[in-house]
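Asks: Mind having a look at this structure? Questions to follow.
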Amino acid sequence: MDPLLEQLLAGFVDESQEIYERVQRGVMELEKSPAQGPKFDEVARGLHTLKGSAATLGLDELADFAHRMEDVVLPLRGSAQPFPAPLADAVLKCLDTWMARLKATAQKAPLPDLSASYTVLAQVKPGAVTNGARNGEQKESKASAAETLAANVVRAPTEAAPEAKAAPDDAGGDSWRVSTRQVIALLHEVERLREVRLRLDERRRDLDKALQQLDRLGIQAETAEARAILLGLRRALTSDGEEAADVVVSMEDGLKAISTMPVRTILEPLRRAVRDICKATGKLAKLSVVGAEVSLDRRVLEQLRGPLVHLVRNAVDHGLELPEVREARGKHREGALTIRVEQQGNMLFIEVQDDGAGLDLEAIREAALRRALVAAEELGNMTAQQLQQLIFRPGFSTKAEATEFSGRGVGLDVVRNQIQALQGHVEVQSLPGQGARFVLTLPAELGSSPVLVVRCGEHQLGVPMVAVESSRASRSTELRVGRSRVQLEHREQLIAVQDLGALVGLRQPEVPADGQPLLILQSQGRRLALSVDEVLGDKELVIRPLPVEVRDLAAYQGAATLARGELVLILRPDWIVNLDRRVESGLTGTRRALVVDDSLTARALHRTALESGGYLVHTASNARQALEQLRHSAYDVMVCDIGMEEMDGYELTAAVRQRPETDSMPILLVSARDSDTDRQRGTAVGADGFLTKKDCVSGRLLSEVSAVIARRKGAA
Amino acid sequence: MRLEPRESGFAAELNELLTRRAERVRERPADVEDDNLLWVAEFPVGEETYAIPLDALRAAVPLKMVTPVPLSPPHVIGILRFQGQIVTALSLASLLGGRGWREDPAVLLVVDPGFGRLVALDCERIPKPTGVPHAQVEEARARNTGAVCEITMPGMRQVSLLDLRRLMDRRQQEKR
């Protein structure tokens with residue numbers, strides 16, 4: 001092939017893929033609404049573009065084929081009726097063939113034959129269609145849809161329908177096959193580069209300090225040259241830092257694009273599968289997808305295609321009832337099928353849920369006996385949950401006779417095996433009459449998802465956007481404040497309000513102030529208003545698993561790196577909304593201590609000692625934050641470092657003593673230095689005790705804390 | 001051969017320092033081969049001196065850019081990024097059961113405890129490398145199978161050698 005044509009063809013494939021998807025969506029919509037308006041125009045325009053572009057490239061057969069599709073569709077323009085089902089089936093099937101042929105041309109692979117498609121188009125030309133539609137449309141529809149479906153299903157897991165292949169095909173000429181290990185290694189290198197960039201920032205700050213010191217000396221002839229050199233160096237470092245930051249961002253974006261794809265790529269084509277199965281079975285279903293924007297490792301996505309097609313087919317064929325049956329059971333005629341995708345740290349959860357009849361335990365029992373999968377005695381002892389798990393056994397099917405969709409006993413065991421091959425597992429939950437829910441849990445090494453970053457005290461935390469329904473400012477008129485809980489009037493409902501700071505053990509629960517941001521979260525069917533101190537914005541973040549030492553913490557999905565290199569913890573929405581289990585967080589202590597120290601490790605050590613003595617410990621890293629906490633919460637004791645920047649421990653103690661609500665709170669000052677002067681100064685400002693850090697062994701700290709509390713009580 | 005300062009005219013304090021260093025170098029017994037020494041990184045925790053095998057030490061980095069993890073156990077200082085990995089920073093004094101300290105730790109030692117992942121331990125000062133005769137280490141380990149074993153160094157100086165793997169395992173067991 002001419003190299004220029006080859007290049008043009010590659011671009012044309014990508015362009016056609018988009019048009020193909022648009023036209024396909026349009027045809028499916030026009031099946032349900034009148035064949036007119038912008039949607040019809042979009043379909044017509046799409047087919048016309050496919051025809052024209054193919055002709056321009058000399059692909060006459062494809063141009064002609066697109067022209068034939070136009071012939072079938074265009075006469076219906078302006079009709080008050082939707083597209084007849086057989087016509088829609090034919091156009092969709094021919095679109096598949098058209099796309100497959102284009103790709104085969106680009107890949108120099110054997111070309112699919114068009115003659116069968118021409119015949120199908122001829123059969124559904126407008127005149128024939130209307131007659132056909134009037135005379136037993138249902139039967140014809142089923143036959144035609146079954147044919148389409150058979151074509152789709154056969155190639156579903158391995159040879160996906162063309163629309164499912166949104167990913168660039170790397171078997172082509174202008175792409176490389178690269179080992180995933182190499183890509184992951186590159187991702188780690190980018191992380192290292194980011195650290196280098198941060199170190200450059202630090203060097204620049206060090207230089208700033210040196211320059212400030214020189215400035216303090218005043219402009220002197222002796223230092224003028226050094227100052228000029230340092231200023232030049234500072235400019236260069238700033239510029240190098242900015243360039244390094246750009247490189248990091250661009251490499252990260254590039255690698256993300258190489259290694260991940262939005263999950264929508266495999267979910268959107270399922271709409272077509274649902275539509276086709278519904279046509280063939282006479283059922284009605286609406287597929288909703290939540291979380292389609294989550295980007296996932298391409299390898300995982302490719303492997304998921306087959307199992308998802310299978311689960312969706314099962315949900316329609318086995319799960320959903322016929323419209324009349326649904327109506328009789330008080331349900332909407334159209335069944336609801338929902339696919340929900342959520343990435344939590346390095347775990348990926350995919351739920352396929354239907355609101356059909358649910359698993360029929362009796363039918364499962366009978367099928368297991370009929371197919372001799374389990375001994376009768378064993379079967380008799382099985383719980384409902386164990387019986388449900390039988391559907392994953394090889395050879396299991398509740399259908400007595402095989403149809404084109406099911407009954408061959410080749411099904412959910414294949415799904416389970418495919419998920420297990422990805423180191424995942426599949427579970428089923430079902431309630432009779434209410435439907436079934438399949439949950440696939442998989443490890444996800446790569447991928448990003450949208451996260452809302454919020455501030456709580458001095459902490460930044462992330463909330464997955466998938467759980468954020470909305471955000472709003474708190475208004476006291478909409479809050480119902482009870483003794484033990486706060487509720488928000490939201491869309492004519494009362495929902496619980498939770499203070500994020502209290503939730504993660506940073507402070508006592510606070511009633512949201514007027515104007516304070518509230519996030520309305522929704523997860524696992526529960527809704528909650530989460531009050532945060534500030535909403536910092538939404539970001540597309542790569543969530544990585546936490547290290548083993550903190551991985552067991554149920555509150556977090558993982559951590560992600562923000563632009564400046566700092567890590568942000570990502571909360572688990574299901575943990576936030578679950579108000580029933582908060583015992584694990586250790587918030588049940590009766591005595592409360594506030595530890596104020598600018599050293600992270602000192603705070604950790606004080607916490608270790610005080611928690612071992614039964615205290616509930618809150619911490620503050622500076623005096624300002626401590627005063628803020630004391631404004632809202634009462635503490636039995638404050639353990640405070642002396643040597644802190646801005647406001648030291650003496651000043652803080654004095655400030656605390658000036659407030660009526662804290663003037664008698666026991667205060668223990670802690671210092672790295674051991675001097676009588678320090679002790680005396682501490683006593684003078686109102687401290688009740690003094691301890692050096694080297695004496696802060698667990699027992700000693702606790703006994704000193706008890707002593708200062710006792711002294712205060714004695715004084716009172 | 002004596003090691004002498006290269007130039008005269010140094011301040012007396014500097015001279016003294018260099019002389020002390022030279023003496024330390026000379027103190028190494030001539031018959032002790034490097035192969036017979038376990039090189040350790042020695043550092044203070046409060047009033048005591050601890051050491052970890054030098055080959056477990058990956059880096060000593062400033063204690064900053066650590067993200068605290070609310071609700072974590074008290075011995076967890078937070079998490080940080082190190083060469084593309086997310087690593088947990090732990091308080092060594094807390095891991096050792098709540099020790100006092102003299103200076104607020106400003107250094108994190110990134111160590112490989114031997115189970116394929118790194119952790120960071122806080123430290124008051126940048127550690128210094130020291131050689132300990134293997135025989136002494138083995139003798140101390142025979143006496144103590146725990147995470148910490150006492151070694152008597154020349155001059156009756158006590159150093160507590162940490163077995164990082166055991167220290168971490170102990171924490172895991174406590175957690176369970």
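Chains: A, B, ... in order of the structure tokens. Residues: from 1 per chain. Ligands: from 1, in order shown.
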For Leu162 of chain B, list every protein, DNA or RNA residue within 12 Å, evaluated using only C-alpha atoms, and leave out those in the same chain fewer than 3 positions away; present the list as a JSON list (two decimals) with C-alpha atoms, in the first residue's frame.
Replies:
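Contents of out-v6.json, freshly written:
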[["chain", "number", "residue", "atom", "x", "y", "z"],
["B", 40, "VAL", "CA", 26.27, -0.94, 61.61],
["B", 41, "ALA", "CA", 24.72, 2.53, 61.61],
["B", 42, "GLU", "CA", 24.78, 3.84, 65.14],
["B", 43, "PHE", "CA", 22.45, 6.54, 66.43],
["B", 49, "THR", "CA", 22.57, 4.13, 71.62],
["B", 50, "TYR", "CA", 21.01, 1.89, 68.99],
["B", 51, "ALA", "CA", 22.36, 0.42, 65.79],
["B", 52, "ILE", "CA", 21.04, -1.24, 62.67],
["B", 53, "PRO", "CA", 23.05, -3.29, 60.16],
["B", 54, "LEU", "CA", 24.42, -0.88, 57.60],
["B", 56, "ALA", "CA", 19.66, -2.51, 55.77],
["B", 92, "LEU", "CA", 11.38, 4.12, 66.73],
["B", 95, "LEU", "CA", 8.22, 0.90, 68.62],
["B", 96, "LEU", "CA", 10.68, 0.28, 71.42],
["B", 111, "VAL", "CA", 15.51, 0.88, 55.93],
["B", 113, "PRO", "CA", 13.81, -4.78, 57.20],
["B", 121, "LEU", "CA", 12.35, 5.18, 61.20],
["B", 137, "VAL", "CA", 27.21, -9.91, 67.49],
["B", 140, "ALA", "CA", 24.88, -11.19, 71.84],
["B", 141, "ARG", "CA", 22.28, -12.76, 69.56],
["B", 144, "ASN", "CA", 18.88, -12.66, 73.21],
["B", 145, "THR", "CA", 16.49, -13.86, 70.54],
["B", 146, "GLY", "CA", 14.35, -10.72, 70.64],
["B", 147, "ALA", "CA", 14.33, -7.67, 68.40],
["B", 148, "VAL", "CA", 17.03, -5.90, 70.43],
["B", 149, "CYS", "CA", 20.34, -7.34, 71.59],
["B", 150, "GLU", "CA", 22.90, -5.59, 73.72],
["B", 151, "ILE", "CA", 26.49, -5.42, 72.52],
["B", 159, "VAL", "CA", 24.94, -0.46, 71.89],
["B", 165, "ARG", "CA", 12.56, -7.78, 60.89],
["B", 166, "ARG", "CA", 11.81, -8.99, 64.38],
["B", 167, "LEU", "CA", 10.91, -5.50, 65.48],
["B", 168, "MET", "CA", 8.34, -5.21, 62.68]]
Asks: Pick out the chain A residues within 9 Å of chain B. Count only C-alpha atoms. Give them as an MDAnalysis selection string.
Replies: chainID A and resid 187:195 459 504:506 544:550 553 555 559 561 565:569 585:586 599:609 611 672:673 692:699
Asks: What parts of segment 421-549 of chain A does DSSP call strand (DSSP E)? I'd like the answer as a PDB file with C-alpha atoms, in the first residue's frame.
Replies:
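Once everything was written out, this is result39.pdb:
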ATOM      1  CA  HIS A 425     -13.057 -12.739  42.928  1.00  0.00           C
ATOM      2  CA  VAL A 426     -16.752 -12.567  42.183  1.00  0.00           C
ATOM      3  CA  GLU A 427     -19.624 -12.617  44.652  1.00  0.00           C
ATOM      4  CA  VAL A 428     -23.355 -12.703  44.193  1.00  0.00           C
ATOM      5  CA  GLN A 429     -26.038 -11.254  46.422  1.00  0.00           C
ATOM      6  CA  SER A 430     -29.703 -11.726  45.720  1.00  0.00           C
ATOM      7  CA  LEU A 431     -33.103 -11.172  47.226  1.00  0.00           C
ATOM      8  CA  GLY A 435     -32.982  -8.761  41.774  1.00  0.00           C
ATOM      9  CA  ALA A 436     -29.379  -9.872  41.901  1.00  0.00           C
ATOM     10  CA  ARG A 437     -26.074  -8.107  42.314  1.00  0.00           C
ATOM     11  CA  PHE A 438     -22.768  -9.489  41.103  1.00  0.00           C
ATOM     12  CA  VAL A 439     -19.715  -7.828  42.591  1.00  0.00           C
ATOM     13  CA  LEU A 440     -16.368  -8.273  40.894  1.00  0.00           C
ATOM     14  CA  THR A 441     -13.399  -7.327  43.052  1.00  0.00           C
ATOM     15  CA  LEU A 442     -10.071  -6.950  41.297  1.00  0.00           C
ATOM     16  CA  PRO A 443      -6.665  -5.562  42.042  1.00  0.00           C
ATOM     17  CA  SER A 448      -6.748   7.341  38.022  1.00  0.00           C
ATOM     18  CA  SER A 449     -10.045   8.601  39.266  1.00  0.00           C
ATOM     19  CA  PRO A 450     -11.546  11.982  40.061  1.00  0.00           C
ATOM     20  CA  VAL A 451     -11.127  13.005  43.671  1.00  0.00           C
ATOM     21  CA  LEU A 452     -12.409  16.005  45.598  1.00  0.00           C
ATOM     22  CA  VAL A 453      -9.647  17.327  47.826  1.00  0.00           C
ATOM     23  CA  VAL A 454     -10.818  18.931  51.057  1.00  0.00           C
ATOM     24  CA  ARG A 455      -9.152  20.472  54.088  1.00  0.00           C
ATOM     25  CA  CYS A 456      -9.847  19.511  57.637  1.00  0.00           C
ATOM     26  CA  HIS A 459      -4.938  17.925  56.961  1.00  0.00           C
ATOM     27  CA  GLN A 460      -5.817  17.495  53.314  1.00  0.00           C
ATOM     28  CA  LEU A 461      -7.990  14.513  52.499  1.00  0.00           C
ATOM     29  CA  GLY A 462      -9.524  13.220  49.285  1.00  0.00           C
ATOM     30  CA  VAL A 463     -13.086  12.033  48.722  1.00  0.00           C
ATOM     31  CA  PRO A 464     -13.761  10.035  45.531  1.00  0.00           C
ATOM     32  CA  VAL A 468     -20.065  13.162  45.912  1.00  0.00           C
ATOM     33  CA  GLU A 469     -23.632  13.939  44.976  1.00  0.00           C
ATOM     34  CA  SER A 470     -23.332  17.686  45.516  1.00  0.00           C
ATOM     35  CA  SER A 471     -21.772  20.294  47.734  1.00  0.00           C
ATOM     36  CA  ARG A 472     -23.361  23.254  49.456  1.00  0.00           C
ATOM     37  CA  ALA A 473     -22.780  25.816  52.163  1.00  0.00           C
ATOM     38  CA  LEU A 479     -29.736  22.145  60.473  1.00  0.00           C
ATOM     39  CA  ARG A 480     -31.552  20.166  63.144  1.00  0.00           C
ATOM     40  CA  VAL A 481     -29.219  19.986  66.115  1.00  0.00           C
ATOM     41  CA  VAL A 486     -26.964  16.871  63.740  1.00  0.00           C
ATOM     42  CA  GLN A 487     -29.210  16.501  60.715  1.00  0.00           C
ATOM     43  CA  LEU A 488     -29.561  18.494  57.547  1.00  0.00           C
ATOM     44  CA  GLU A 489     -32.769  19.243  55.732  1.00  0.00           C
ATOM     45  CA  HIS A 490     -31.821  18.364  52.195  1.00  0.00           C
ATOM     46  CA  GLN A 493     -35.258  14.777  53.586  1.00  0.00           C
ATOM     47  CA  LEU A 494     -33.355  14.747  56.848  1.00  0.00           C
ATOM     48  CA  ILE A 495     -29.865  13.363  56.456  1.00  0.00           C
ATOM     49  CA  ALA A 496     -27.176  12.888  59.082  1.00  0.00           C
ATOM     50  CA  VAL A 497     -24.383  15.453  59.261  1.00  0.00           C
ATOM     51  CA  GLN A 498     -20.907  14.256  60.171  1.00  0.00           C
ATOM     52  CA  ASP A 499     -17.885  16.391  60.945  1.00  0.00           C
ATOM     53  CA  PRO A 517     -18.912  23.519  53.127  1.00  0.00           C
ATOM     54  CA  LEU A 518     -21.058  20.403  53.287  1.00  0.00           C
ATOM     55  CA  LEU A 519     -20.552  17.516  50.884  1.00  0.00           C
ATOM     56  CA  ILE A 520     -23.594  15.381  50.221  1.00  0.00           C
ATOM     57  CA  LEU A 521     -22.176  11.893  49.870  1.00  0.00           C
ATOM     58  CA  GLN A 522     -23.904   8.791  48.667  1.00  0.00           C
ATOM     59  CA  SER A 523     -22.521   5.290  48.953  1.00  0.00           C
ATOM     60  CA  ARG A 526     -26.754   5.611  52.244  1.00  0.00           C
ATOM     61  CA  ARG A 527     -26.559   9.365  52.161  1.00  0.00           C
ATOM     62  CA  LEU A 528     -24.720  11.683  54.503  1.00  0.00           C
ATOM     63  CA  ALA A 529     -23.693  15.331  54.725  1.00  0.00           C
ATOM     64  CA  LEU A 530     -19.994  15.636  55.491  1.00  0.00           C
ATOM     65  CA  SER A 531     -18.824  18.946  56.897  1.00  0.00           C
ATOM     66  CA  GLU A 534     -12.618  23.906  52.990  1.00  0.00           C
ATOM     67  CA  VAL A 535     -13.094  22.411  49.546  1.00  0.00           C
ATOM     68  CA  LEU A 536      -9.786  22.687  47.705  1.00  0.00           C
ATOM     69  CA  GLY A 537     -10.976  21.389  44.345  1.00  0.00           C
ATOM     70  CA  ASP A 538     -11.339  18.271  42.265  1.00  0.00           C
ATOM     71  CA  LYS A 539      -8.384  16.521  40.694  1.00  0.00           C
ATOM     72  CA  GLU A 540      -7.748  13.477  38.565  1.00  0.00           C
ATOM     73  CA  LEU A 541      -5.481  11.424  40.804  1.00  0.00           C
ATOM     74  CA  VAL A 542      -3.720   8.111  40.646  1.00  0.00           C
TER      75      VAL A 542
END
Asks: Would you kindly return, as a list in words, each protein, DNA or RNA residue with an atom no farther than 12 Å from any atom of Asp648 of chain A, considering only C-alpha atoms and excluding same-chain residues fewer than 4 positions away?
Replies: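 In the requested form, the answer reads Val596, Asp597, Asp598, Ser621, Asn622, Ala623, Arg624, Ala626, Cys640, Asp641, Ile642, Gly643, Met644, Leu652, Thr653, Ala654, Ala655, Leu669, Val670, Ser671, Gly682 and Val685 of chain A.
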Asks: Store the residues of this selection in a file with C-alpha atoms, as an mmCIF file, in the first residue's frame.
Replies:
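The resulting selection_9.cif:
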data_model
loop_
_atom_site.group_PDB
_atom_site.id
_atom_site.type_symbol
_atom_site.label_atom_id
_atom_site.label_comp_id
_atom_site.auth_asym_id
_atom_site.auth_seq_id
_atom_site.Cartn_x
_atom_site.Cartn_y
_atom_site.Cartn_z
ATOM 1 C CA VAL A 596 0.597 20.445 71.162
ATOM 2 C CA ASP A 597 3.979 19.935 69.572
ATOM 3 C CA ASP A 598 5.465 20.976 66.241
ATOM 4 C CA SER A 621 1.070 21.127 65.497
ATOM 5 C CA ASN A 622 1.131 24.755 66.615
ATOM 6 C CA ALA A 623 -0.330 27.128 69.172
ATOM 7 C CA ARG A 624 -2.795 28.707 66.771
ATOM 8 C CA ALA A 626 -4.404 24.396 69.628
ATOM 9 C CA CYS A 640 2.486 21.255 75.341
ATOM 10 C CA ASP A 641 5.952 21.632 73.850
ATOM 11 C CA ILE A 642 7.796 24.818 74.775
ATOM 12 C CA GLY A 643 9.964 25.347 71.716
ATOM 13 C CA MET A 644 7.474 26.053 68.935
ATOM 14 C CA LEU A 652 0.233 29.472 74.557
ATOM 15 C CA THR A 653 -0.094 28.662 78.252
ATOM 16 C CA ALA A 654 -0.573 32.335 79.051
ATOM 17 C CA ALA A 655 -3.196 32.661 76.305
ATOM 18 C CA LEU A 669 4.920 21.723 79.616
ATOM 19 C CA VAL A 670 7.477 19.538 77.865
ATOM 20 C CA SER A 671 10.893 20.711 76.761
ATOM 21 C CA GLY A 682 6.514 27.804 83.024
ATOM 22 C CA VAL A 685 2.749 31.699 83.081
#
Asks: Quick one: residues within 7 Å of Gly319 of chain A, only C-alpha atoms, excluding same-chain residues fewer than 4 positions away - as a ChimeraX atom specification?
Replies: /A:314-315,354,356-358,435
Asks: Just write the chosen residues, all heavy atoms, as a PDB file, in the first residue's frame.
Replies:
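Now in selection04.pdb:
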ATOM      1  N   ASN A 314     -26.654 -12.476  31.149  1.00  0.00           N
ATOM      2  CA  ASN A 314     -27.334 -13.260  32.181  1.00  0.00           C
ATOM      3  C   ASN A 314     -28.411 -12.446  32.879  1.00  0.00           C
ATOM      4  O   ASN A 314     -29.488 -12.949  33.172  1.00  0.00           O
ATOM      5  CB  ASN A 314     -26.311 -13.702  33.225  1.00  0.00           C
ATOM      6  CG  ASN A 314     -25.935 -15.145  33.047  1.00  0.00           C
ATOM      7  OD1 ASN A 314     -26.058 -15.660  31.943  1.00  0.00           O
ATOM      8  ND2 ASN A 314     -25.486 -15.773  34.099  1.00  0.00           N
ATOM      9  N   ALA A 315     -28.060 -11.179  33.174  1.00  0.00           N
ATOM     10  CA  ALA A 315     -28.990 -10.329  33.919  1.00  0.00           C
ATOM     11  C   ALA A 315     -30.288 -10.159  33.133  1.00  0.00           C
ATOM     12  O   ALA A 315     -31.379 -10.207  33.696  1.00  0.00           O
ATOM     13  CB  ALA A 315     -28.354  -8.980  34.212  1.00  0.00           C
ATOM     14  N   ASP A 354     -29.292  -6.050  38.749  1.00  0.00           N
ATOM     15  CA  ASP A 354     -30.566  -5.959  38.034  1.00  0.00           C
ATOM     16  C   ASP A 354     -31.696  -5.970  39.047  1.00  0.00           C
ATOM     17  O   ASP A 354     -31.502  -6.387  40.196  1.00  0.00           O
ATOM     18  CB  ASP A 354     -30.719  -7.123  37.038  1.00  0.00           C
ATOM     19  CG  ASP A 354     -30.863  -8.455  37.722  1.00  0.00           C
ATOM     20  OD1 ASP A 354     -31.936  -8.714  38.295  1.00  0.00           O
ATOM     21  OD2 ASP A 354     -29.901  -9.259  37.708  1.00  0.00           O
ATOM     22  N   GLY A 356     -34.492  -7.641  38.716  1.00  0.00           N
ATOM     23  CA  GLY A 356     -35.361  -8.722  38.233  1.00  0.00           C
ATOM     24  C   GLY A 356     -35.876  -9.608  39.346  1.00  0.00           C
ATOM     25  O   GLY A 356     -36.075  -9.174  40.489  1.00  0.00           O
ATOM     26  N   ALA A 357     -36.034 -10.889  39.019  1.00  0.00           N
ATOM     27  CA  ALA A 357     -36.675 -11.813  39.947  1.00  0.00           C
ATOM     28  C   ALA A 357     -35.735 -12.286  41.049  1.00  0.00           C
ATOM     29  O   ALA A 357     -36.176 -12.864  42.044  1.00  0.00           O
ATOM     30  CB  ALA A 357     -37.192 -13.015  39.170  1.00  0.00           C
ATOM     31  N   GLY A 358     -34.439 -12.078  40.868  1.00  0.00           N
ATOM     32  CA  GLY A 358     -33.486 -12.582  41.862  1.00  0.00           C
ATOM     33  C   GLY A 358     -33.203 -14.049  41.618  1.00  0.00           C
ATOM     34  O   GLY A 358     -33.818 -14.687  40.762  1.00  0.00           O
ATOM     35  N   GLY A 435     -34.097  -8.821  42.716  1.00  0.00           N
ATOM     36  CA  GLY A 435     -32.982  -8.761  41.774  1.00  0.00           C
ATOM     37  C   GLY A 435     -31.711  -9.385  42.316  1.00  0.00           C
ATOM     38  O   GLY A 435     -31.696  -9.960  43.404  1.00  0.00           O
TER      39      GLY A 435
END
Asks: Could you pull out all residues of segment 506-643 of chain A with a DSSP call of helix (DSSP H, G or I) and give them as a count of residues only?
Replies: 35
Asks: In Å, with one decimal, what is the gap from atom CA of Arg22 of chain A to atom CA of Pro84 of chain A?
Replies: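 These atoms are spaced 19.1 Å apart.
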Asks: Return the single residue from B:Leu164, B:Val61, B:Pro44, B:Glu139 that is closest to Thr152 of chain B, with distances computed using only C-alpha atoms.
Replies: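 Smallest distance to Thr152 of chain B is found for B:Glu139.
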Asks: Considering only C-alpha atoms, state which residue in the set A:Ala109, A:Val43, A:Ile543, A:Leu200 is at the smallest distance from Leu296 of chain A.
Replies: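 For Leu296 of chain A, the nearest of the given residues is A:Ile543.
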Asks: Using atom CA of Val23 of chain A and atom CA of Gly46 of chain A as the two end points, give the distance in Å to one decimal.
Replies: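 Atom CA of Gly46 of chain A lies at a distance of 6.0 Å from atom CA of Val23 of chain A.
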